[in-house]
file upload-v9.cif (mmCIF, C-alpha atoms)
data_entry
#
loop_
_atom_site.label_atom_id
_atom_site.label_comp_id
_atom_site.auth_asym_id
_atom_site.auth_seq_id
_atom_site.Cartn_x
_atom_site.Cartn_y
_atom_site.Cartn_z
CA MET D 3 0.00 0.00 0.00
CA HIS D 4 1.20 3.50 -0.81
CA TYR D 5 0.41 6.59 1.28
CA ARG D 6 -0.06 10.24 0.38
CA THR D 7 -0.70 13.47 2.23
CA LEU D 8 -4.36 14.45 2.28
CA GLY D 9 -4.24 17.88 0.68
CA ARG D 10 -2.35 20.24 2.96
CA THR D 11 -3.57 18.66 6.21
CA GLY D 12 -0.40 16.69 6.94
CA VAL D 13 -2.52 13.55 7.44
CA GLN D 14 -1.13 10.47 5.71
CA VAL D 15 -3.76 8.33 3.97
CA SER D 16 -3.66 5.13 1.95
CA THR D 17 -4.07 5.38 -1.82
CA LEU D 18 -6.99 2.96 -1.55
CA ALA D 19 -9.75 3.91 0.88
CA LEU D 20 -12.60 1.71 2.07
CA GLY D 21 -16.04 3.00 1.09
CA ALA D 22 -18.84 1.59 3.23
CA MET D 23 -21.87 2.29 1.05
CA ASN D 24 -22.46 -1.43 0.56
CA PHE D 25 -22.59 -2.17 4.28
CA GLY D 26 -26.11 -3.20 5.21
CA ALA D 27 -29.21 -3.38 3.05
CA ILE D 28 -27.71 -1.71 -0.04
CA GLY D 29 -25.08 -4.41 -0.50
CA ARG D 30 -26.88 -7.11 1.52
CA THR D 31 -23.84 -7.18 3.82
CA THR D 32 -24.26 -8.43 7.40
CA GLN D 33 -22.44 -7.00 10.41
CA ASP D 34 -20.10 -9.99 10.55
CA GLU D 35 -19.29 -9.58 6.85
CA ALA D 36 -18.73 -5.84 7.24
CA THR D 37 -16.43 -6.39 10.21
CA ALA D 38 -14.45 -9.00 8.27
CA ILE D 39 -14.07 -6.55 5.36
CA VAL D 40 -12.86 -3.82 7.72
CA ASP D 41 -10.43 -6.26 9.37
CA ALA D 42 -8.98 -7.32 6.02
CA ALA D 43 -8.82 -3.75 4.72
CA LEU D 44 -6.86 -2.56 7.75
CA GLU D 45 -4.58 -5.58 7.54
CA GLY D 46 -3.99 -4.72 3.87
CA GLY D 47 -2.82 -1.23 4.79
CA ILE D 48 -5.98 0.82 4.25
CA ASN D 49 -6.36 3.49 6.92
CA VAL D 50 -9.34 5.49 5.56
CA ILE D 51 -12.98 4.45 5.99
CA ASP D 52 -15.63 6.58 4.29
CA THR D 53 -19.37 6.33 4.88
CA ALA D 54 -22.41 8.66 4.89
CA ASP D 55 -25.54 9.23 6.92
CA MET D 56 -27.84 8.31 4.04
CA TYR D 57 -26.25 4.94 3.28
CA GLY D 58 -29.02 2.60 4.42
CA ASP D 59 -30.59 5.47 6.39
CA GLY D 60 -27.77 5.32 8.92
CA GLU D 61 -27.23 1.57 8.85
CA SER D 62 -23.79 1.84 7.26
CA GLU D 63 -22.58 4.24 9.95
CA GLU D 64 -23.83 1.91 12.67
CA MET D 65 -22.05 -1.06 11.11
CA VAL D 66 -18.82 0.88 10.64
CA GLY D 67 -18.98 1.98 14.26
CA LYS D 68 -19.25 -1.59 15.50
CA ALA D 69 -16.50 -2.76 13.13
CA ILE D 70 -13.96 -0.17 14.30
CA ALA D 71 -14.71 -0.38 18.02
CA GLY D 72 -11.48 -0.43 20.00
CA ARG D 73 -9.28 0.84 17.17
CA ARG D 74 -10.71 4.27 16.38
CA ASP D 75 -7.39 6.07 16.65
CA ASP D 76 -5.82 3.97 13.89
CA ILE D 77 -8.40 5.06 11.32
CA VAL D 78 -9.04 8.25 9.36
CA LEU D 79 -12.82 8.20 9.67
CA ALA D 80 -14.93 10.10 7.16
CA THR D 81 -18.66 10.53 6.77
CA LYS D 82 -21.02 12.79 4.84
CA ALA D 83 -24.29 14.68 5.25
CA GLY D 84 -26.67 16.66 3.09
CA MET D 85 -28.72 14.08 1.23
CA PRO D 86 -32.35 13.57 2.38
CA MET D 87 -32.83 11.63 5.59
CA GLY D 88 -36.54 10.89 5.47
CA ASP D 89 -39.43 13.00 4.20
CA GLU D 90 -39.07 15.98 6.55
CA ARG D 91 -38.11 18.92 4.34
CA ASN D 92 -35.45 20.25 6.72
CA HIS D 93 -33.74 16.89 7.27
CA ARG D 94 -31.39 17.48 4.34
CA GLY D 95 -29.16 20.12 2.82
CA SER D 96 -26.29 22.08 4.35
CA SER D 97 -27.97 24.59 6.65
CA ARG D 98 -26.54 25.16 10.13
CA ARG D 99 -29.80 23.85 11.59
CA TRP D 100 -29.43 20.49 9.87
CA LEU D 101 -25.66 19.96 9.99
CA VAL D 102 -25.43 20.56 13.75
CA THR D 103 -28.23 18.06 14.35
CA GLU D 104 -27.12 15.46 11.84
CA LEU D 105 -23.49 15.40 12.90
CA ASP D 106 -24.62 14.45 16.40
CA ASN D 107 -26.75 11.70 14.85
CA SER D 108 -23.77 10.41 12.87
CA LEU D 109 -21.47 10.46 15.91
CA ARG D 110 -24.07 8.48 17.86
CA ARG D 111 -24.44 5.90 15.10
CA LEU D 112 -20.66 5.60 14.69
CA GLY D 113 -20.09 5.40 18.43
CA VAL D 114 -17.34 8.05 18.38
CA ASP D 115 -16.86 11.57 19.73
CA HIS D 116 -15.47 13.02 16.49
CA VAL D 117 -14.91 12.27 12.82
CA ASP D 118 -11.72 13.13 10.99
CA LEU D 119 -13.42 14.31 7.81
CA TYR D 120 -16.99 15.60 7.50
CA GLN D 121 -18.13 16.08 3.91
CA ILE D 122 -21.06 17.91 2.35
CA HIS D 123 -22.52 15.17 0.17
CA ARG D 124 -23.75 17.46 -2.60
CA TRP D 125 -23.74 21.19 -3.19
CA ASP D 126 -26.95 22.70 -1.78
CA PRO D 127 -28.04 25.59 -4.03
CA SER D 128 -30.54 26.82 -1.42
CA THR D 129 -27.87 27.47 1.24
CA GLY D 130 -25.18 30.13 1.11
CA ASP D 131 -21.53 29.22 1.48
CA GLU D 132 -21.10 31.43 4.56
CA GLU D 133 -23.97 29.61 6.34
CA THR D 134 -22.47 26.19 5.71
CA LEU D 135 -18.83 27.10 6.29
CA SER D 136 -19.58 28.97 9.54
CA ALA D 137 -21.48 25.95 10.89
CA LEU D 138 -18.68 23.58 9.89
CA THR D 139 -16.06 25.90 11.38
CA ASP D 140 -17.93 25.97 14.70
CA LEU D 141 -18.23 22.17 14.70
CA GLN D 142 -14.51 21.97 14.02
CA ARG D 143 -13.71 24.34 16.90
CA ALA D 144 -15.96 22.26 19.14
CA GLY D 145 -13.75 19.24 18.39
CA LYS D 146 -16.49 17.21 16.73
CA ILE D 147 -14.76 17.21 13.33
CA ARG D 148 -11.09 17.59 12.49
CA TYR D 149 -11.48 18.67 8.85
CA PHE D 150 -14.31 19.14 6.40
CA GLY D 151 -14.69 18.72 2.67
CA SER D 152 -17.08 18.65 -0.26
CA SER D 153 -18.38 15.85 -2.43
CA THR D 154 -19.26 16.05 -6.12
CA PHE D 155 -19.22 19.85 -6.24
CA PRO D 156 -19.05 21.61 -9.62
CA ALA D 157 -15.67 23.28 -10.10
CA TYR D 158 -17.05 26.80 -9.87
CA ARG D 159 -18.68 25.99 -6.51
CA LEU D 160 -15.32 24.80 -5.18
CA VAL D 161 -13.85 28.17 -6.15
CA GLU D 162 -16.76 30.10 -4.63
CA ALA D 163 -16.43 28.18 -1.34
CA GLN D 164 -12.71 28.88 -1.15
CA TRP D 165 -13.38 32.58 -1.74
CA ALA D 166 -16.17 32.66 0.88
CA ALA D 167 -13.92 31.04 3.50
CA ARG D 168 -11.24 33.65 2.92
CA GLU D 169 -13.68 36.56 2.77
CA HIS D 170 -15.43 35.63 6.02
CA HIS D 171 -12.34 34.31 7.88
CA LEU D 172 -13.72 30.78 8.16
CA SER D 173 -12.13 27.36 7.84
CA ARG D 174 -12.23 25.98 4.32
CA TYR D 175 -12.97 22.74 2.55
CA VAL D 176 -9.74 20.74 2.45
CA THR D 177 -10.97 17.83 0.31
CA GLU D 178 -13.25 17.08 -2.62
CA GLN D 179 -14.80 13.71 -3.43
CA PRO D 180 -15.66 13.50 -7.16
CA SER D 181 -16.72 10.60 -9.36
CA TYR D 182 -13.77 9.62 -11.57
CA SER D 183 -12.91 6.61 -13.69
CA ILE D 184 -11.49 5.73 -17.09
CA LEU D 185 -15.03 5.90 -18.48
CA GLN D 186 -15.97 9.17 -16.75
CA ARG D 187 -13.07 11.60 -17.15
CA GLY D 188 -14.97 14.89 -17.23
CA VAL D 189 -13.54 16.05 -13.89
CA GLU D 190 -10.15 16.30 -15.56
CA THR D 191 -11.43 19.36 -17.42
CA HIS D 192 -12.36 21.64 -14.53
CA VAL D 193 -12.65 19.95 -11.11
CA LEU D 194 -9.20 18.40 -10.78
CA PRO D 195 -7.36 21.54 -11.97
CA VAL D 196 -9.25 23.49 -9.27
CA THR D 197 -8.39 20.98 -6.55
CA GLU D 198 -4.73 21.21 -7.55
CA GLN D 199 -4.87 25.01 -7.54
CA TYR D 200 -6.24 25.11 -3.97
CA GLY D 201 -4.30 22.14 -2.62
CA LEU D 202 -7.38 20.02 -1.90
CA GLY D 203 -7.09 16.33 -1.13
CA VAL D 204 -9.12 14.25 -3.62
CA LEU D 205 -10.90 11.00 -2.71
CA VAL D 206 -12.45 9.66 -5.91
CA TRP D 207 -15.55 7.50 -5.87
CA SER D 208 -16.75 4.94 -8.42
CA PRO D 209 -13.28 4.29 -9.89
CA LEU D 210 -14.66 1.00 -11.23
CA ALA D 211 -17.55 2.85 -12.92
CA SER D 212 -20.34 1.02 -11.07
CA GLY D 213 -18.80 -2.32 -12.04
CA TRP D 214 -18.15 -1.62 -15.72
CA LEU D 215 -14.41 -1.85 -15.04
CA SER D 216 -14.52 -4.76 -12.59
CA GLY D 217 -13.87 -7.40 -15.26
CA ALA D 218 -17.38 -8.79 -14.84
CA VAL D 219 -18.85 -6.83 -17.76
CA ARG D 220 -17.77 -8.08 -21.18
CA ALA D 221 -19.32 -8.38 -24.62
CA GLY D 222 -21.27 -11.58 -25.17
CA ARG D 223 -21.86 -12.14 -21.46
CA GLU D 224 -25.03 -11.54 -19.49
CA ILE D 225 -24.54 -8.50 -17.27
CA ALA D 226 -25.35 -9.71 -13.78
CA THR D 227 -23.57 -7.35 -11.41
CA SER D 228 -25.22 -6.18 -8.19
CA ARG D 229 -25.62 -2.68 -9.61
CA SER D 230 -27.29 -3.93 -12.78
CA ALA D 231 -30.05 -5.49 -10.68
CA PHE D 232 -31.29 -2.17 -9.28
CA MET D 233 -29.90 0.22 -11.92
CA PRO D 234 -30.71 -1.68 -15.14
CA GLU D 235 -30.74 1.47 -17.29
CA ARG D 236 -27.02 1.92 -16.63
CA PHE D 237 -26.27 -1.43 -18.23
CA ASP D 238 -28.85 -1.60 -21.02
CA THR D 239 -26.70 -1.97 -24.13
CA ALA D 240 -29.54 -0.70 -26.30
CA ILE D 241 -28.67 2.75 -24.94
CA PRO D 242 -25.92 4.41 -27.04
CA ALA D 243 -23.86 5.54 -24.03
CA ASN D 244 -23.80 1.99 -22.69
CA ARG D 245 -22.76 0.59 -26.06
CA ALA D 246 -19.92 3.11 -26.07
CA ARG D 247 -18.89 1.96 -22.61
CA LEU D 248 -18.97 -1.68 -23.62
CA ASP D 249 -16.85 -0.97 -26.70
CA ALA D 250 -14.34 0.87 -24.52
CA VAL D 251 -14.28 -1.95 -21.97
CA GLU D 252 -13.41 -4.48 -24.69
CA GLN D 253 -10.51 -2.32 -25.86
CA LEU D 254 -9.36 -1.70 -22.30
CA ALA D 255 -9.42 -5.43 -21.57
CA LYS D 256 -6.89 -5.95 -24.35
CA VAL D 257 -4.65 -3.24 -22.88
CA ALA D 258 -4.87 -4.89 -19.45
CA ASP D 259 -4.10 -8.35 -20.85
CA GLU D 260 -1.07 -7.09 -22.75
CA ALA D 261 0.21 -5.36 -19.61
CA GLY D 262 -0.36 -8.44 -17.43
CA LEU D 263 -2.97 -6.63 -15.33
CA THR D 264 -6.51 -7.32 -14.22
CA MET D 265 -9.18 -4.82 -15.21
CA ILE D 266 -9.39 -3.75 -11.57
CA GLN D 267 -5.66 -3.04 -11.46
CA LEU D 268 -5.94 -1.06 -14.69
CA ALA D 269 -8.90 0.97 -13.40
CA LEU D 270 -7.52 1.75 -9.95
CA GLY D 271 -3.99 2.30 -11.26
CA PHE D 272 -5.40 4.83 -13.73
CA VAL D 273 -7.17 7.08 -11.21
CA THR D 274 -4.37 6.99 -8.65
CA ALA D 275 -1.88 7.96 -11.39
CA HIS D 276 -3.43 11.42 -11.70
CA PRO D 277 -1.33 13.92 -9.70
CA ALA D 278 -4.47 15.54 -8.24
CA VAL D 279 -5.83 12.29 -6.79
CA THR D 280 -5.02 11.30 -3.22
CA SER D 281 -7.02 8.08 -2.82
CA ALA D 282 -9.48 5.88 -4.70
CA LEU D 283 -12.53 4.71 -2.79
CA ILE D 284 -13.33 1.04 -3.19
CA GLY D 285 -16.70 -0.33 -2.09
CA PRO D 286 -16.48 -4.12 -1.81
CA ARG D 287 -19.57 -6.15 -0.89
CA THR D 288 -17.57 -9.29 -0.11
CA LEU D 289 -14.12 -10.30 1.06
CA GLU D 290 -13.47 -11.71 -2.41
CA HIS D 291 -14.18 -8.29 -3.93
CA LEU D 292 -11.90 -6.64 -1.39
CA HIS D 293 -8.97 -8.95 -2.06
CA GLY D 294 -9.32 -8.40 -5.81
CA GLN D 295 -9.19 -4.66 -5.25
CA LEU D 296 -6.36 -4.76 -2.71
CA ALA D 297 -4.28 -6.48 -5.39
CA ALA D 298 -4.18 -3.10 -7.13
CA ALA D 299 -2.75 -1.28 -4.10
CA ASP D 300 0.77 -1.06 -5.51
CA THR D 301 -0.12 -0.90 -9.22
CA VAL D 302 1.80 1.76 -11.14
CA LEU D 303 0.84 2.07 -14.80
CA SER D 304 3.53 2.73 -17.37
CA ALA D 305 3.37 5.70 -19.72
CA ASP D 306 2.62 3.32 -22.60
CA VAL D 307 -0.42 1.93 -20.79
CA LEU D 308 -1.67 5.39 -19.87
CA ASP D 309 -1.23 6.49 -23.49
CA ALA D 310 -3.25 3.47 -24.64
CA ILE D 311 -6.05 4.39 -22.24
CA ASP D 312 -6.05 7.98 -23.54
CA ALA D 313 -6.43 6.64 -27.08
CA ILE D 314 -9.56 4.70 -26.07
CA VAL D 315 -11.23 7.33 -23.87
CA ALA D 316 -9.94 10.82 -24.54
CA PRO D 317 -8.89 12.96 -21.55
CA GLY D 318 -11.76 15.02 -20.14
CA THR D 319 -14.40 12.81 -21.79
CA ASP D 320 -17.48 11.34 -20.06
CA LEU D 321 -18.85 8.37 -21.98
CA ALA D 322 -22.09 8.70 -20.03
CA PRO D 323 -22.48 12.47 -19.53
CA HIS D 324 -26.10 12.08 -18.41
CA GLU D 325 -24.84 10.31 -15.28
CA LYS D 326 -22.75 13.22 -14.06
CA TYR D 327 -23.57 14.40 -10.54
CA ASP D 328 -21.88 17.79 -10.60
CA THR D 329 -23.82 19.28 -13.51
CA PRO D 330 -24.95 22.88 -12.80
CA PRO D 331 -28.71 22.82 -11.99
CA ALA D 332 -29.57 25.15 -14.90
CA LEU D 333 -28.46 22.49 -17.37
CA LEU D 334 -30.95 20.03 -15.90
CA ASP D 335 -33.92 22.32 -15.16
CA PRO D 336 -35.05 24.44 -18.16
CA SER D 337 -36.86 26.91 -15.88
CA LEU D 338 -33.52 28.00 -14.42
CA ARG D 339 -32.25 29.21 -17.78
CA ARG D 340 -35.37 31.01 -18.98
CA ARG D 341 -36.84 34.31 -17.87
#
call {"tool": "encode", "arguments": {"input": "upload-v9.cif", "output": "structure tokens"}}
result
Amino acid sequence: MHYRTLGRTGVQVSTLALGAMNFGAIGRTTQDEATAIVDAALEGGINVIDTADMYGDGESEEMVGKAIAGRRDDIVLATKAGMPMGDERNHRGSSRRWLVTELDNSLRRLGVDHVDLYQIHRWDPSTGDEETLSALTDLQRAGKIRYFGSSTFPAYRLVEAQWAAREHHLSRYVTEQPSYSILQRGVETHVLPVTEQYGLGVLVWSPLASGWLSGAVRAGREIATSRSAFMPERFDTAIPANRARLDAVEQLAKVADEAGLTMIQLALGFVTAHPAVTSALIGPRTLEHLHGQLAAADTVLSADVLDAIDAIVAPGTDLAPHEKYDTPPALLDPSLRRR
């Protein structure tokens, strides 16, 4: 396992981080299975565990808390807030009212008195940066969080938040968590240059592109991944974007074979090769998945392999642009771009 500094915090983190979204109902993972995955991840050198309040409506946080009991100080513990937690209209977003309440809920579920990294799960257009940053700064000063970051923010919102922190003399976001993979490279255009400019740590999610780059999806085979069961539209090859992904996967498989790599090693080695990226989040459902992903921990891709990947999926290109999560709202809602 390799280690890098998380932005400018001085904290050393593993280049692979354990994402806990699949703990519980989402991944059909029991507590014993989750604990075994955490045990194996820590033994393999991972020292970052990332979860969120909304994963299983708090179930993931509870399972992580039980799995790390007695070894909290050895782990860089991260969670997120901002996505809806139930139907109550104010149980979401990044207002002071909600963040103060929900952090206490997360700490209770995790069984800890602080988290190392508290992340705003999505940019909240209804809440001003000063409101959110002042609340996070107060929570930091209270010792409940060590650092805070953003997740899947558009590049211009990252810049605005940095400006607001400086203007109002508040603590700033020190990390960003974007979606990034060989098949979804759009963040290379704007987001990653901004994170480099401001010295943000970057924890990328979905580096295996929801399973497209796991090695389980190939032409001529039935697609039967866990994601395809509840997100069938993402794997329907009648959709042009999915056909483009499948074509790219077949070409990438040849590159991996010629380099003596698995598809997982190719995919994880690609994202961790970018100078802006600190860690890649992996989200195994089983120990078998984890071991396959840990095998990529020390993968370093050669320039020839990286060039071959660029020839298949051009830098800055999203093969499925409709699946982007950091698209400015006005591009999705016509009413926001019409008088």
call {"tool": "resolve_selection", "arguments": {"input": "upload-v9.cif", "expression": "the PyMOL selection byres ((chain D and resi 292) around 12)", "output": "ChimeraX atom specification"}}
result
/D:18-22,24,35-36,38-46,48,216,266,283-291,293-299
call {"tool": "atom_distance", "arguments": {"input": "upload-v9.cif", "atom1": "atom CA of Ala218 of chain D", "atom2": "atom CA of Glu178 of chain D"}}
result
28.9 Å
call {"tool": "closest_residue", "arguments": {"input": "upload-v9.cif", "among": "D:Leu112, D:Ala322, D:Ala261, D:Val219", "to": "Asn244 of chain D", "atoms": "only C-alpha atoms"}}
result
D:Ala322
call {"tool": "residues_around", "arguments": {"input": "upload-v9.cif", "residues": "Gly201 of chain D", "least_positions_apart": "6", "cutoff": "10 Å", "atoms": "only C-alpha atoms", "output": "ChimeraX atom specification"}}
result
/D:8-11,176-177,195,278
call {"tool": "write_last_selection", "arguments": {"input": "upload-v9.cif", "atoms": "C-alpha atoms", "output": "PDB file, in the coordinates of the input"}}
result
ATOM      1  CA  LEU D   8      -4.360  14.450   2.280  1.00  0.00           C
ATOM      2  CA  GLY D   9      -4.240  17.880   0.680  1.00  0.00           C
ATOM      3  CA  ARG D  10      -2.350  20.240   2.960  1.00  0.00           C
ATOM      4  CA  THR D  11      -3.570  18.660   6.210  1.00  0.00           C
ATOM      5  CA  VAL D 176      -9.740  20.740   2.450  1.00  0.00           C
ATOM      6  CA  THR D 177     -10.970  17.830   0.310  1.00  0.00           C
ATOM      7  CA  PRO D 195      -7.360  21.540 -11.970  1.00  0.00           C
ATOM      8  CA  ALA D 278      -4.470  15.540  -8.240  1.00  0.00           C
TER       9      ALA D 278
END
call {"tool": "resolve_selection", "arguments": {"input": "upload-v9.cif", "expression": "the PyMOL selection byres ((chain D and resi 180-192) around 8)", "output": "PyMOL selection string"}}
result
chain D and resi 153-155+157+178-179+193-196+204-211+247+250+269+272-273+311+315+317-323+327
call {"tool": "closest_residue", "arguments": {"input": "upload-v9.cif", "among": "D:Glu224, D:Glu133, D:Glu260, D:Leu101", "to": "Asp238 of chain D", "atoms": "all atoms listed in the file"}}
result
D:Glu224
call {"tool": "residues_around", "arguments": {"input": "upload-v9.cif", "residues": "Arg245 of chain D", "least_positions_apart": "4", "cutoff": "12 Å", "atoms": "only C-alpha atoms", "output": "ChimeraX atom specification"}}
result
/D:214,219-221,235-241,249-252,321-322
call {"tool": "residues_around", "arguments": {"input": "upload-v9.cif", "residues": "Asp259 of chain D", "least_positions_apart": "6", "cutoff": "12 Å", "atoms": "all atoms listed in the file", "output": "MDAnalysis selection string"}}
result
chainID D and resid 217 252:253 265:268 307
call {"tool": "atom_distance", "arguments": {"input": "upload-v9.cif", "atom1": "atom CA of Asp126 of chain D", "atom2": "atom CA of Arg341 of chain D"}}
result
22.2 Å
call {"tool": "residues_near_point", "arguments": {"input": "upload-v9.cif", "point": "(-14.2, 17.3, 19.1)", "cutoff": "10 Å", "atoms": "only C-alpha atoms", "output": "list in words"}}
result
Val114, Asp115, His116, Val117, Asp118, Leu141, Gln142, Arg143, Ala144, Gly145, Lys146, Ile147 and Arg148 of chain D
call {"tool": "write_last_selection", "arguments": {"input": "upload-v9.cif", "atoms": "C-alpha atoms", "output": "tab-separated table (two decimals), in the coordinates of the input"}}
result
chain	number	residue	atom	x	y	z
D	114	VAL	CA	-17.34	8.05	18.38
D	115	ASP	CA	-16.86	11.57	19.73
D	116	HIS	CA	-15.47	13.02	16.49
D	117	VAL	CA	-14.91	12.27	12.82
D	118	ASP	CA	-11.72	13.13	10.99
D	141	LEU	CA	-18.23	22.17	14.70
D	142	GLN	CA	-14.51	21.97	14.02
D	143	ARG	CA	-13.71	24.34	16.90
D	144	ALA	CA	-15.96	22.26	19.14
D	145	GLY	CA	-13.75	19.24	18.39
D	146	LYS	CA	-16.49	17.21	16.73
D	147	ILE	CA	-14.76	17.21	13.33
D	148	ARG	CA	-11.09	17.59	12.49
call {"tool": "atom_distance", "arguments": {"input": "upload-v9.cif", "atom1": "atom CA of Glu64 of chain D", "atom2": "atom CA of Met23 of chain D"}}
result
11.8 Å
call {"tool": "resolve_selection", "arguments": {"input": "upload-v9.cif", "expression": "the PyMOL selection byres ((chain D and resi 67) around 10)", "output": "list in words"}}
result
Thr37, Glu61, Ser62, Glu63, Glu64, Met65, Val66, Lys68, Ala69, Ile70, Ala71, Gly72, Arg74, Leu79, Ser108, Leu109, Arg110, Arg111, Leu112, Gly113 and Val114 of chain D
call {"tool": "closest_residue", "arguments": {"input": "upload-v9.cif", "among": "D:Ser97, D:Thr139, D:Thr103, D:Thr197", "to": "Pro127 of chain D", "atoms": "only C-alpha atoms"}}
result
D:Ser97
call {"tool": "closest_residue", "arguments": {"input": "upload-v9.cif", "among": "D:Ile314, D:Leu202, D:Val102, D:Ala258", "to": "Tyr149 of chain D", "atoms": "all atoms listed in the file"}}
result
D:Leu202
call {"tool": "residues_around", "arguments": {"input": "upload-v9.cif", "residues": "Leu172 of chain D", "least_positions_apart": "2", "cutoff": "10 Å", "atoms": "all atoms listed in the file", "output": "MDAnalysis selection string"}}
result
chainID D and resid 132 135:140 164 166:170 174:175
